[in-house]
>>> print(open('input-v4.tsv').read())   # TSV, C-alpha atoms
chain	number	residue	atom	x	y	z
A	1	MET	CA	-78.66	-65.47	-40.71
A	2	GLU	CA	-75.22	-67.13	-40.60
A	3	THR	CA	-72.32	-65.07	-41.93
A	4	LYS	CA	-70.82	-66.79	-44.98
A	5	PHE	CA	-67.38	-66.21	-46.40
A	6	ALA	CA	-66.17	-66.84	-49.95
A	7	PRO	CA	-64.78	-70.38	-50.59
A	8	SER	CA	-61.10	-70.79	-49.67
A	9	THR	CA	-60.22	-71.54	-53.31
A	10	GLN	CA	-61.47	-68.08	-54.40
A	11	ARG	CA	-60.16	-65.88	-51.59
A	12	ALA	CA	-56.74	-65.09	-53.06
A	13	LYS	CA	-58.36	-64.19	-56.38
A	14	LEU	CA	-61.07	-61.97	-54.85
A	15	THR	CA	-58.68	-60.21	-52.47
A	16	PRO	CA	-55.04	-60.43	-53.70
A	17	MET	CA	-53.99	-58.18	-50.81
A	18	CYS	CA	-55.27	-58.10	-47.27
A	19	TYR	CA	-57.61	-55.18	-46.55
A	20	CYS	CA	-54.97	-53.73	-44.23
A	21	GLY	CA	-52.62	-53.40	-47.23
A	22	GLN	CA	-49.66	-54.83	-45.31
A	23	HIS	CA	-49.38	-58.34	-46.83
A	24	ASN	CA	-50.62	-60.44	-49.75
A	25	ASN	CA	-53.34	-63.05	-49.52
A	26	LYS	CA	-51.62	-66.09	-51.09
A	27	ASP	CA	-52.43	-68.19	-48.03
A	28	GLY	CA	-56.13	-67.28	-48.18
A	29	LYS	CA	-56.18	-66.06	-44.56
A	30	CYS	CA	-58.04	-62.92	-45.62
A	31	ALA	CA	-61.62	-64.11	-46.16
A	32	PRO	CA	-64.04	-61.81	-48.02
A	33	LEU	CA	-67.76	-62.11	-47.35
A	34	ALA	CA	-69.60	-64.15	-49.96
A	35	SER	CA	-72.19	-61.39	-50.27
A	36	ASP	CA	-69.72	-58.48	-50.50
A	37	PRO	CA	-66.01	-58.96	-51.38
A	38	ASN	CA	-65.27	-55.44	-50.11
A	39	LYS	CA	-65.91	-56.65	-46.59
A	40	GLY	CA	-64.25	-59.53	-44.83
A	41	TYR	CA	-62.20	-60.94	-41.99
A	42	CYS	CA	-58.40	-61.20	-41.90
A	43	HIS	CA	-57.14	-64.05	-39.70
A	44	SER	CA	-53.65	-62.53	-39.60
A	45	CYS	CA	-54.90	-59.14	-38.38
A	46	ASP	CA	-57.72	-60.73	-36.38
A	47	LYS	CA	-60.05	-57.96	-37.58
A	48	PHE	CA	-63.04	-57.38	-39.82
A	49	PHE	CA	-62.56	-54.80	-42.56
A	50	ASP	CA	-64.74	-52.71	-44.81
A	51	ASN	CA	-62.52	-52.09	-47.84
A	52	ALA	CA	-64.78	-49.35	-49.17
A	53	GLU	CA	-64.13	-47.25	-46.06
A	54	LYS	CA	-60.54	-48.55	-45.56
A	55	LYS	CA	-61.10	-49.21	-41.88
A	56	PRO	CA	-61.95	-52.04	-39.49
A	57	TYR	CA	-65.61	-52.58	-38.69
A	58	THR	CA	-67.72	-54.80	-36.44
A	59	PRO	CA	-70.22	-56.86	-38.44
A	60	ASN	CA	-73.54	-58.10	-37.17
A	61	LEU	CA	-72.40	-61.70	-36.84
A	62	GLN	CA	-74.70	-64.59	-36.13
A	63	PRO	CA	-73.19	-67.65	-34.42
A	64	PRO	CA	-72.69	-70.56	-36.85
A	65	LYS	CA	-75.21	-73.34	-36.68
A	66	PRO	CA	-73.88	-76.39	-34.80
A	67	ILE	CA	-72.84	-79.36	-36.92
A	68	ASP	CA	-75.28	-82.28	-36.86
A	69	TYR	CA	-74.16	-85.90	-36.63
A	70	HIS	CA	-75.80	-89.25	-37.28
A	71	SER	CA	-75.91	-91.75	-34.44
A	72	ALA	CA	-73.40	-94.60	-34.21
A	73	GLU	CA	-76.38	-96.94	-33.74
A	74	MET	CA	-77.77	-95.96	-37.15
A	75	LEU	CA	-74.40	-96.65	-38.77
A	76	LYS	CA	-74.15	-100.13	-37.23
A	77	LYS	CA	-77.65	-101.08	-38.45
A	78	THR	CA	-76.50	-100.67	-42.07
A	79	PHE	CA	-73.78	-103.34	-41.92
A	80	LYS	CA	-75.94	-106.13	-43.42
A	81	ASN	CA	-74.08	-106.29	-46.72
A	82	ASP	CA	-75.08	-109.67	-48.16
A	83	LYS	CA	-76.99	-107.97	-51.02
A	84	ASN	CA	-74.71	-104.97	-51.47
A	85	LYS	CA	-73.91	-104.90	-55.21
A	86	PHE	CA	-70.63	-103.03	-54.83
A	87	ILE	CA	-69.38	-105.54	-52.27
A	88	LEU	CA	-70.59	-108.47	-54.41
A	89	PHE	CA	-68.61	-106.99	-57.30
A	90	LEU	CA	-65.49	-106.83	-55.12
A	91	LYS	CA	-65.99	-110.45	-54.01
A	92	SER	CA	-66.07	-111.55	-57.65
A	93	ILE	CA	-62.44	-110.36	-57.89
A	94	PHE	CA	-60.94	-110.51	-54.40
A	95	GLU	CA	-61.07	-113.00	-51.55
A	96	SER	CA	-64.43	-112.73	-49.79
A	97	ALA	CA	-63.04	-112.66	-46.24
A	98	ILE	CA	-60.59	-109.86	-47.07
A	99	VAL	CA	-63.36	-107.82	-48.71
A	100	ASP	CA	-65.49	-108.19	-45.57
A	101	GLN	CA	-62.55	-107.14	-43.40
A	102	ILE	CA	-61.73	-104.00	-45.41
A	103	THR	CA	-65.35	-102.86	-45.94
A	104	LYS	CA	-66.02	-103.29	-42.22
A	105	MET	CA	-62.87	-101.34	-41.37
A	106	TYR	CA	-64.06	-98.48	-43.60
A	107	ASN	CA	-67.68	-98.56	-42.29
A	108	VAL	CA	-69.21	-99.46	-45.65
A	109	GLY	CA	-72.95	-100.08	-45.24
A	110	SER	CA	-76.01	-100.92	-47.33
A	111	SER	CA	-79.26	-99.09	-48.07
A	112	LYS	CA	-82.64	-100.38	-49.17
A	113	TYR	CA	-83.39	-97.06	-50.84
A	114	TRP	CA	-82.24	-98.74	-54.07
A	115	ASP	CA	-81.88	-102.50	-54.10
A	116	GLY	CA	-78.25	-103.33	-53.26
A	117	ALA	CA	-77.16	-99.70	-52.79
A	118	THR	CA	-73.96	-98.77	-50.90
A	119	ILE	CA	-73.48	-96.30	-48.05
A	120	PHE	CA	-70.05	-94.74	-47.66
A	121	TRP	CA	-70.08	-93.33	-44.14
A	122	GLN	CA	-67.81	-90.40	-43.32
A	123	VAL	CA	-66.66	-90.77	-39.71
A	124	ASP	CA	-64.16	-88.23	-38.38
A	125	ASP	CA	-61.07	-88.74	-36.23
A	126	LEU	CA	-63.21	-88.28	-33.09
A	127	GLN	CA	-65.48	-91.12	-34.29
A	128	ARG	CA	-68.42	-88.80	-35.04
A	129	VAL	CA	-70.63	-89.84	-37.94
A	130	ARG	CA	-70.74	-86.78	-40.17
A	131	TYR	CA	-72.26	-87.93	-43.46
A	132	GLY	CA	-73.63	-90.95	-45.30
A	133	LYS	CA	-73.25	-90.99	-49.09
A	134	VAL	CA	-75.58	-93.43	-50.87
A	135	MET	CA	-74.77	-94.75	-54.36
A	136	LEU	CA	-75.79	-97.69	-56.52
A	137	TYR	CA	-73.22	-99.77	-58.40
A	138	ASP	CA	-73.61	-102.33	-61.16
A	139	GLN	CA	-72.76	-105.74	-59.71
A	140	ASN	CA	-71.06	-106.97	-62.89
A	141	SER	CA	-69.00	-103.94	-63.95
A	142	GLY	CA	-68.48	-102.25	-60.60
A	143	LYS	CA	-69.41	-98.92	-62.18
A	144	ARG	CA	-71.96	-96.46	-60.83
A	145	VAL	CA	-75.51	-96.69	-62.14
A	146	LYS	CA	-76.32	-93.38	-63.85
A	147	GLU	CA	-79.23	-94.42	-66.08
A	148	PRO	CA	-82.08	-93.66	-66.32
A	149	PHE	CA	-80.86	-91.21	-63.63
A	150	ASN	CA	-77.81	-90.76	-61.43
A	151	HIS	CA	-78.34	-93.03	-58.41
A	152	PHE	CA	-76.74	-90.76	-55.82
A	153	THR	CA	-78.15	-89.31	-52.61
A	154	ASN	CA	-77.35	-89.16	-48.88
A	155	ILE	CA	-78.84	-90.46	-45.66
A	156	HIS	CA	-80.20	-87.18	-44.29
A	157	THR	CA	-82.03	-86.56	-47.59
A	158	ILE	CA	-83.53	-90.06	-47.48
A	159	LEU	CA	-84.64	-89.45	-43.88
A	160	LYS	CA	-86.06	-86.03	-44.92
A	161	GLN	CA	-83.96	-84.20	-42.35
A	162	LYS	CA	-84.17	-80.83	-44.12
A	163	ASP	CA	-82.36	-78.89	-41.40
A	164	PHE	CA	-79.55	-81.41	-40.99
A	165	ASN	CA	-76.37	-79.28	-40.95
A	166	HIS	CA	-73.64	-81.63	-42.16
A	167	LYS	CA	-69.96	-80.95	-42.65
A	168	GLN	CA	-68.09	-83.56	-44.65
A	169	CYS	CA	-64.74	-85.09	-43.75
A	170	LEU	CA	-62.34	-87.48	-45.46
A	171	PHE	CA	-63.64	-90.99	-46.03
A	172	GLY	CA	-61.57	-93.20	-43.74
A	173	LEU	CA	-60.56	-90.36	-41.39
A	174	HIS	CA	-61.68	-92.42	-38.38
A	175	LEU	CA	-58.63	-94.66	-38.98
A	176	LEU	CA	-56.14	-91.78	-38.66
A	177	PRO	CA	-55.59	-91.84	-34.84
A	178	TYR	CA	-54.30	-95.44	-35.01
A	179	ASN	CA	-52.36	-95.08	-38.25
A	180	LYS	CA	-48.58	-95.54	-38.63
A	181	LYS	CA	-48.51	-95.92	-42.44
A	182	PRO	CA	-47.85	-93.28	-45.11
A	183	ILE	CA	-51.09	-91.57	-46.12
A	184	ALA	CA	-52.47	-91.70	-49.66
A	185	ILE	CA	-55.45	-89.67	-50.90
A	186	VAL	CA	-57.71	-90.44	-53.84
A	187	GLU	CA	-60.97	-88.91	-54.98
A	188	SER	CA	-63.52	-91.74	-54.77
A	189	GLU	CA	-64.45	-94.01	-51.89
A	190	LYS	CA	-64.53	-96.95	-54.31
A	191	THR	CA	-60.89	-96.31	-55.19
A	192	ALA	CA	-59.84	-96.10	-51.53
A	193	ILE	CA	-61.47	-99.48	-50.85
A	194	ILE	CA	-59.92	-101.19	-53.89
A	195	MET	CA	-56.46	-99.78	-53.18
A	196	SER	CA	-56.74	-100.95	-49.55
A	197	LEU	CA	-57.37	-104.44	-50.88
A	198	VAL	CA	-54.26	-104.51	-53.08
A	199	ASP	CA	-51.78	-102.20	-51.33
A	200	LYS	CA	-51.23	-102.44	-47.57
A	201	GLU	CA	-48.34	-99.96	-47.60
A	202	TYR	CA	-50.62	-96.91	-47.30
A	203	LEU	CA	-53.61	-95.72	-45.35
A	204	TRP	CA	-55.95	-94.88	-48.23
A	205	LEU	CA	-58.33	-91.96	-47.70
A	206	ALA	CA	-60.83	-90.41	-50.12
A	207	THR	CA	-62.09	-86.85	-50.50
A	208	GLY	CA	-65.43	-88.05	-51.89
A	209	GLY	CA	-65.27	-85.44	-54.65
A	210	LYS	CA	-62.78	-83.29	-56.53
A	211	GLY	CA	-63.92	-80.14	-54.74
A	212	ASN	CA	-63.32	-81.64	-51.30
A	213	PHE	CA	-59.58	-81.42	-51.83
A	214	LYS	CA	-59.43	-78.23	-49.74
A	215	TYR	CA	-58.17	-76.92	-46.41
A	216	GLU	CA	-61.39	-77.47	-44.48
A	217	VAL	CA	-61.43	-81.19	-45.32
A	218	LEU	CA	-57.67	-81.85	-45.35
A	219	GLN	CA	-56.91	-79.92	-42.15
A	220	PRO	CA	-56.49	-83.09	-39.98
A	221	LEU	CA	-53.56	-84.06	-42.24
A	222	ALA	CA	-51.61	-80.82	-41.75
A	223	GLY	CA	-47.96	-81.60	-41.01
A	224	LYS	CA	-48.26	-85.26	-42.06
A	225	LYS	CA	-46.57	-86.69	-45.15
A	226	VAL	CA	-49.27	-87.28	-47.77
A	227	ILE	CA	-49.19	-88.49	-51.37
A	228	ALA	CA	-52.23	-87.71	-53.52
A	229	PHE	CA	-53.31	-89.65	-56.61
A	230	PRO	CA	-55.65	-87.42	-58.65
A	231	ASP	CA	-57.63	-88.70	-61.61
A	232	VAL	CA	-55.98	-88.49	-65.03
A	233	GLY	CA	-56.11	-84.94	-66.40
A	234	GLU	CA	-56.90	-83.39	-63.02
A	235	THR	CA	-54.86	-80.22	-62.36
A	236	PHE	CA	-56.96	-78.64	-59.59
A	237	TRP	CA	-55.27	-80.71	-56.89
A	238	ASN	CA	-51.83	-79.48	-57.97
A	239	GLU	CA	-52.93	-75.87	-57.53
A	240	VAL	CA	-54.49	-76.52	-54.11
A	241	SER	CA	-51.55	-78.56	-52.79
A	242	SER	CA	-49.09	-75.81	-53.77
A	243	ARG	CA	-51.02	-73.31	-51.66
A	244	LEU	CA	-51.50	-75.72	-48.75
A	245	ASN	CA	-47.80	-76.67	-48.68
A	246	GLU	CA	-47.03	-73.02	-47.95
A	247	THR	CA	-49.15	-73.23	-44.79
A	248	GLY	CA	-47.76	-76.32	-43.06
A	249	PHE	CA	-49.00	-79.18	-45.24
A	250	ASN	CA	-46.69	-81.76	-46.84
A	251	ILE	CA	-48.57	-83.07	-49.89
A	252	THR	CA	-46.90	-84.69	-52.88
A	253	ILE	CA	-48.98	-85.05	-56.05
A	254	SER	CA	-48.30	-88.24	-58.01
A	255	ASP	CA	-48.19	-87.73	-61.77
A	256	LYS	CA	-47.49	-91.39	-62.58
A	257	LEU	CA	-50.76	-91.90	-64.48
A	258	GLU	CA	-50.23	-88.94	-66.78
A	259	ASN	CA	-48.91	-89.42	-70.33
A	260	GLN	CA	-49.71	-93.13	-70.24
A	261	GLU	CA	-52.58	-93.15	-72.77
A	262	PHE	CA	-55.19	-93.54	-70.05
A	263	PRO	CA	-58.51	-91.78	-70.72
A	264	GLN	CA	-59.52	-88.57	-68.95
A	265	GLY	CA	-60.91	-89.30	-65.48
A	266	PHE	CA	-59.12	-92.67	-65.14
A	267	ASP	CA	-57.78	-93.29	-61.63
A	268	ILE	CA	-55.34	-95.67	-59.96
A	269	ALA	CA	-58.06	-98.22	-59.11
A	270	ASP	CA	-59.09	-98.32	-62.78
A	271	VAL	CA	-55.48	-99.27	-63.58
A	272	VAL	CA	-55.58	-102.08	-60.99
A	273	LEU	CA	-58.90	-103.43	-62.30
A	274	GLN	CA	-57.62	-103.22	-65.88
A	275	GLN	CA	-54.53	-105.23	-64.96
A	276	ILE	CA	-56.63	-107.86	-63.19
A	277	GLU	CA	-58.94	-108.14	-66.20
A	278	GLU	CA	-55.96	-108.51	-68.57
A	279	LYS	CA	-54.59	-111.36	-66.45
A	280	LYS	CA	-57.97	-113.10	-66.61
A	281	ASN	CA	-58.39	-112.50	-70.33
A	282	PRO	CA	-54.93	-112.09	-71.87
A	283	VAL	CA	-54.89	-110.29	-75.20
A	284	LYS	CA	-52.35	-111.15	-77.90
A	285	THR	CA	-49.83	-108.41	-78.49
A	286	ASN	CA	-50.79	-107.90	-82.14
A	287	GLU	CA	-54.46	-107.56	-81.13
A	288	ARG	CA	-53.89	-104.81	-78.57
A	289	LYS	CA	-55.34	-101.43	-79.42
A	290	SER	CA	-52.92	-99.74	-77.05
A	291	SER	CA	-50.38	-100.91	-74.54
A	292	PRO	CA	-51.33	-99.41	-71.17
A	293	VAL	CA	-48.05	-99.10	-69.28
A	294	GLU	CA	-44.78	-100.89	-69.83
A	295	VAL	CA	-44.34	-101.34	-66.09
A	296	PRO	CA	-47.67	-101.35	-64.19
A	297	GLU	CA	-48.08	-98.30	-61.99
A	298	LEU	CA	-48.97	-100.21	-58.86
A	299	GLN	CA	-46.12	-102.70	-59.28
A	300	ARG	CA	-43.61	-99.88	-59.78
A	301	ILE	CA	-44.69	-98.17	-56.57
A	302	LYS	CA	-44.70	-101.38	-54.52
A	303	SER	CA	-41.38	-102.52	-55.98
A	304	SER	CA	-39.77	-99.21	-55.08
A	305	LEU	CA	-41.22	-99.28	-51.54
A	306	SER	CA	-39.79	-102.78	-50.97
A	307	THR	CA	-36.24	-101.44	-51.27
A	308	ASP	CA	-34.34	-101.90	-47.99
A	309	THR	CA	-34.55	-98.74	-45.84
A	310	GLU	CA	-30.90	-98.90	-44.72
A	311	GLU	CA	-29.83	-99.24	-48.34
A	312	LEU	CA	-31.90	-96.17	-49.24
A	313	GLU	CA	-30.45	-94.18	-46.32
A	314	GLU	CA	-26.90	-95.01	-47.46
A	315	LEU	CA	-27.76	-94.00	-51.03
A	316	ALA	CA	-29.37	-90.75	-49.83
A	317	ARG	CA	-26.14	-89.76	-48.04
A	318	LYS	CA	-24.24	-90.27	-51.28
A	319	LEU	CA	-26.71	-88.10	-53.14
A	320	ILE	CA	-27.04	-85.29	-50.57
A	321	PRO	CA	-24.15	-84.26	-48.29
A	322	GLU	CA	-25.03	-83.62	-44.65
A	323	TYR	CA	-26.53	-80.15	-44.03
A	324	GLU	CA	-26.73	-79.44	-47.76
A	325	SER	CA	-29.54	-79.61	-50.31
A	326	ARG	CA	-29.99	-80.68	-53.94
A	327	SER	CA	-32.53	-79.91	-56.66
A	328	GLU	CA	-34.53	-82.72	-58.27
A	329	ARG	CA	-32.54	-82.24	-61.46
A	330	GLU	CA	-29.28	-82.80	-59.56
A	331	LEU	CA	-30.69	-85.92	-57.87
A	332	LEU	CA	-31.87	-87.38	-61.18
A	333	PHE	CA	-28.44	-86.78	-62.72
A	334	SER	CA	-26.66	-88.40	-59.74
A	335	LEU	CA	-28.94	-91.45	-59.81
A	336	LYS	CA	-28.22	-91.91	-63.50
A	337	GLU	CA	-24.49	-91.81	-62.72
A	338	ILE	CA	-24.55	-94.01	-59.60
A	339	LYS	CA	-27.39	-96.47	-60.31
A	340	LYS	CA	-27.70	-96.15	-64.11
A	341	PHE	CA	-31.41	-95.33	-63.61
A	342	GLY	CA	-33.71	-93.82	-66.19
A	343	ASP	CA	-35.81	-90.76	-65.29
A	344	GLN	CA	-38.90	-92.74	-64.23
A	345	ASP	CA	-37.02	-95.18	-61.95
A	346	ALA	CA	-35.08	-92.28	-60.44
A	347	LYS	CA	-38.27	-90.31	-59.74
A	348	ASP	CA	-39.85	-93.40	-58.15
A	349	LEU	CA	-36.84	-93.80	-55.86
A	350	ILE	CA	-36.91	-90.13	-54.82
A	351	LEU	CA	-40.62	-90.46	-54.02
A	352	THR	CA	-39.92	-93.61	-51.98
A	353	MET	CA	-37.22	-91.80	-49.98
A	354	ARG	CA	-39.74	-89.07	-49.19
A	355	ILE	CA	-42.45	-91.54	-48.17
A	356	LYS	CA	-39.99	-93.36	-45.90
A	357	GLN	CA	-38.99	-89.97	-44.42
A	358	ILE	CA	-35.34	-90.38	-45.44
A	359	ILE	CA	-35.31	-87.09	-47.36
A	360	ASP	CA	-37.52	-84.03	-47.27
A	361	TYR	CA	-37.88	-80.93	-49.40
A	362	SER	CA	-38.05	-77.19	-48.84
A	363	LYS	CA	-40.70	-74.79	-50.12
A	364	ALA	CA	-38.18	-73.75	-52.77
A	365	GLY	CA	-38.19	-77.34	-54.07
A	366	TYR	CA	-34.78	-78.47	-52.80
A	367	TYR	CA	-34.25	-81.90	-51.21
A	368	PHE	CA	-32.25	-82.51	-48.01
A	369	LEU	CA	-31.65	-85.32	-45.53
A	370	SER	CA	-34.50	-85.45	-43.00
A	371	ASP	CA	-32.12	-85.77	-40.04
A	372	SER	CA	-29.79	-82.93	-41.08
A	373	THR	CA	-31.79	-80.02	-42.44
A	374	PRO	CA	-29.77	-77.08	-43.79
A	375	TYR	CA	-32.68	-74.68	-43.10
>>> encode(input="input-v4.tsv", output="structure tokens")
Amino acid sequence: METKFAPSTQRAKLTPMCYCGQHNNKDGKCAPLASDPNKGYCHSCDKFFDNAEKKPYTPNLQPPKPIDYHSAEMLKKTFKNDKNKFILFLKSIFESAIVDQITKMYNVGSSKYWDGATIFWQVDDLQRVRYGKVMLYDQNSGKRVKEPFNHFTNIHTILKQKDFNHKQCLFGLHLLPYNKKPIAIVESEKTAIIMSLVDKEYLWLATGGKGNFKYEVLQPLAGKKVIAFPDVGETFWNEVSSRLNETGFNITISDKLENQEFPQGFDIADVVLQQIEEKKNPVKTNERKSSPVEVPELQRIKSSLSTDTEELEELARKLIPEYESRSERELLFSLKEIKKFGDQDAKDLILTMRIKQIIDYSKAGYYFLSDSTPY
């Protein structure tokens, strides 16, 4: 039987200190066994421990089962998308040729399991087909069909491959080796596709689920600059990113959708679709139930990114002296003085400087010029 360890998100809570007693377990490198938290493996010590006996031990380990992959031929056979309801929904809003280009780039396929169903293939950065998620969307609304039951399954279940040992990866990860853009992460595959249609500034990747925002899935992004756009009201990603940033990751969590009267679970693609719908069917101001955002989220981000890089570099040197650092509060104050910016515009500009790698920040939360670190 394969040895299983507790999930990475629970390790620090189950074992606050390493079994050796020499260091804490904030980074989760000490992994307790799922069956017995008193026993586990410490990556730092490179030893197995039995906490009850306070000494290292050698467990009866079984080698992990090899990961199974789907064939590339199977993936290619699913690219007949003329009846795909999700893609037909997209084509009712966006230019058909662009939709075909983006869905092909992301390996979006179709399944006959439900009429017009969509397959979101997860292909890793070595071009191995790890997983095929199958979902049905309503062609008119673009929302998932959940009645009379949740239309969600996967390819290996459909094929009755009971022993298929899959390990998920980020949706869109196969594009990473050729990527030169800033990386943006969202939760749903649908959102990654829609954002790729409207915003070419980023490489949009999706976790495929809230719980997939974790080390095992995000590991290929370690050391890369990443901005994550969680759903409205989601705090789990903030907690995970804080821990990951202590171990070599560089993830910024966008909070731009918070406090904007959007409902719980709303995401950045919902904002885009809402704006498109409002342009098609304008509502009189006195008939609005609520005004969504004074300046649309997407337009703010794109407007900020369009600022000339040399101009931003010159401004950054005014804000942060060479080989010194500044807190966010100090930067916001300086931007108000120099540019007469409000808090939101100033925060957008700081984020843009980070995305363009003009400034960086330390673990203590201080910003410095990327080419003259004080640390």
>>> closest_residue(input="input-v4.tsv", among="A:Val272, A:Leu175, A:Ser334, A:Asp267", to="Phe94 in chain A", atoms="all atoms listed in the file")
A:Val272
>>> closest_residue(input="input-v4.tsv", among="A:Lys224, A:Arg243, A:Lys339, A:Lys13", to="Ile183 in chain A", atoms="only C-alpha atoms")
A:Lys224
>>> residues_near_point(input="input-v4.tsv", point="(-76.6, -77.5, -35.9)", cutoff="9 Å", atoms="only C-alpha atoms", output="PDB file with C-alpha atoms, in the coordinates of the input")
ATOM      1  CA  PRO A  64     -72.690 -70.560 -36.850  1.00  0.00           C
ATOM      2  CA  LYS A  65     -75.210 -73.340 -36.680  1.00  0.00           C
ATOM      3  CA  PRO A  66     -73.880 -76.390 -34.800  1.00  0.00           C
ATOM      4  CA  ILE A  67     -72.840 -79.360 -36.920  1.00  0.00           C
ATOM      5  CA  ASP A  68     -75.280 -82.280 -36.860  1.00  0.00           C
ATOM      6  CA  TYR A  69     -74.160 -85.900 -36.630  1.00  0.00           C
ATOM      7  CA  ASP A 163     -82.360 -78.890 -41.400  1.00  0.00           C
ATOM      8  CA  PHE A 164     -79.550 -81.410 -40.990  1.00  0.00           C
ATOM      9  CA  ASN A 165     -76.370 -79.280 -40.950  1.00  0.00           C
ATOM     10  CA  HIS A 166     -73.640 -81.630 -42.160  1.00  0.00           C
TER      11      HIS A 166
END
>>> closest_residue(input="input-v4.tsv", among="A:Asn84, A:Ser71, A:Ser362, A:Thr352", to="Glu246 in chain A", atoms="all atoms listed in the file")
A:Ser362
>>> closest_residue(input="input-v4.tsv", among="A:Leu351, A:Val129, A:Leu75, A:Leu319", to="Phe333 in chain A", atoms="only C-alpha atoms")
A:Leu319
>>> closest_residue(input="input-v4.tsv", among="A:Gln344, A:Asn154, A:Ile320, A:Lys336", to="Tyr361 in chain A", atoms="all atoms listed in the file")
A:Ile320
>>> atom_distance(input="input-v4.tsv", atom1="CA of Thr309 in chain A", atom2="CA of Asn245 in chain A")
25.9 Å
>>> residues_around(input="input-v4.tsv", residues="Asp231 in chain A", least_positions_apart="3", cutoff="7 Å", atoms="all atoms listed in the file", output="ChimeraX atom specification")
/A:234,265-267
>>> atom_distance(input="input-v4.tsv", atom1="CA of Met195 in chain A", atom2="CA of Ile276 in chain A")
12.9 Å
>>> atom_distance(input="input-v4.tsv", atom1="CA of Thr78 in chain A", atom2="CA of Asn107 in chain A")
9.1 Å
>>> residues_around(input="input-v4.tsv", residues="His70 in chain A", least_positions_apart="6", cutoff="12 Å", atoms="all atoms listed in the file", output="NGL selection string")
:A and (76 or 121-124 or 127-132 or 154-156 or 159 or 161 or 164-167)
>>> closest_residue(input="input-v4.tsv", among="A:Trp237, A:Phe86, A:Tyr178, A:Tyr113", to="Asn140 in chain A", atoms="all atoms listed in the file")
A:Phe86
>>> residues_around(input="input-v4.tsv", residues="Asn238 in chain A", least_positions_apart="2", cutoff="12 Å", atoms="all atoms listed in the file", output="ChimeraX atom specification")
/A:210,213-214,227-231,233-236,240-245,251-255
>>> write_last_selection(input="input-v4.tsv", atoms="C-alpha atoms", output="mmCIF file, keeping the file's coordinate frame")
data_model
loop_
_atom_site.group_PDB
_atom_site.id
_atom_site.type_symbol
_atom_site.label_atom_id
_atom_site.label_comp_id
_atom_site.auth_asym_id
_atom_site.auth_seq_id
_atom_site.Cartn_x
_atom_site.Cartn_y
_atom_site.Cartn_z
ATOM 1 C CA LYS A 210 -62.780 -83.290 -56.530
ATOM 2 C CA PHE A 213 -59.580 -81.420 -51.830
ATOM 3 C CA LYS A 214 -59.430 -78.230 -49.740
ATOM 4 C CA ILE A 227 -49.190 -88.490 -51.370
ATOM 5 C CA ALA A 228 -52.230 -87.710 -53.520
ATOM 6 C CA PHE A 229 -53.310 -89.650 -56.610
ATOM 7 C CA PRO A 230 -55.650 -87.420 -58.650
ATOM 8 C CA ASP A 231 -57.630 -88.700 -61.610
ATOM 9 C CA GLY A 233 -56.110 -84.940 -66.400
ATOM 10 C CA GLU A 234 -56.900 -83.390 -63.020
ATOM 11 C CA THR A 235 -54.860 -80.220 -62.360
ATOM 12 C CA PHE A 236 -56.960 -78.640 -59.590
ATOM 13 C CA VAL A 240 -54.490 -76.520 -54.110
ATOM 14 C CA SER A 241 -51.550 -78.560 -52.790
ATOM 15 C CA SER A 242 -49.090 -75.810 -53.770
ATOM 16 C CA ARG A 243 -51.020 -73.310 -51.660
ATOM 17 C CA LEU A 244 -51.500 -75.720 -48.750
ATOM 18 C CA ASN A 245 -47.800 -76.670 -48.680
ATOM 19 C CA ILE A 251 -48.570 -83.070 -49.890
ATOM 20 C CA THR A 252 -46.900 -84.690 -52.880
ATOM 21 C CA ILE A 253 -48.980 -85.050 -56.050
ATOM 22 C CA SER A 254 -48.300 -88.240 -58.010
ATOM 23 C CA ASP A 255 -48.190 -87.730 -61.770
#
>>> residues_around(input="input-v4.tsv", residues="Gln101 in chain A", least_positions_apart="2", cutoff="12 Å", atoms="only C-alpha atoms", output="list in words")
Phe79, Ile87, Lys91, Phe94, Glu95, Ser96, Ala97, Ile98, Val99, Thr103, Lys104, Met105, Tyr106, Asn107, Val108, Ile193, Ser196 and Leu197 of chain A
>>> residues_near_point(input="input-v4.tsv", point="(-58.2, -61.4, -54.4)", cutoff="9 Å", atoms="all atoms listed in the file", output="PDB file with C-alpha atoms, in the frame of the given file")
ATOM      1  CA  GLN A  10     -61.470 -68.080 -54.400  1.00  0.00           C
ATOM      2  CA  ARG A  11     -60.160 -65.880 -51.590  1.00  0.00           C
ATOM      3  CA  ALA A  12     -56.740 -65.090 -53.060  1.00  0.00           C
ATOM      4  CA  LYS A  13     -58.360 -64.190 -56.380  1.00  0.00           C
ATOM      5  CA  LEU A  14     -61.070 -61.970 -54.850  1.00  0.00           C
ATOM      6  CA  THR A  15     -58.680 -60.210 -52.470  1.00  0.00           C
ATOM      7  CA  PRO A  16     -55.040 -60.430 -53.700  1.00  0.00           C
ATOM      8  CA  MET A  17     -53.990 -58.180 -50.810  1.00  0.00           C
ATOM      9  CA  CYS A  18     -55.270 -58.100 -47.270  1.00  0.00           C
ATOM     10  CA  ASN A  24     -50.620 -60.440 -49.750  1.00  0.00           C
ATOM     11  CA  ASN A  25     -53.340 -63.050 -49.520  1.00  0.00           C
ATOM     12  CA  LYS A  26     -51.620 -66.090 -51.090  1.00  0.00           C
ATOM     13  CA  GLY A  28     -56.130 -67.280 -48.180  1.00  0.00           C
ATOM     14  CA  CYS A  30     -58.040 -62.920 -45.620  1.00  0.00           C
ATOM     15  CA  PRO A  32     -64.040 -61.810 -48.020  1.00  0.00           C
ATOM     16  CA  PRO A  37     -66.010 -58.960 -51.380  1.00  0.00           C
TER      17      PRO A  37
END
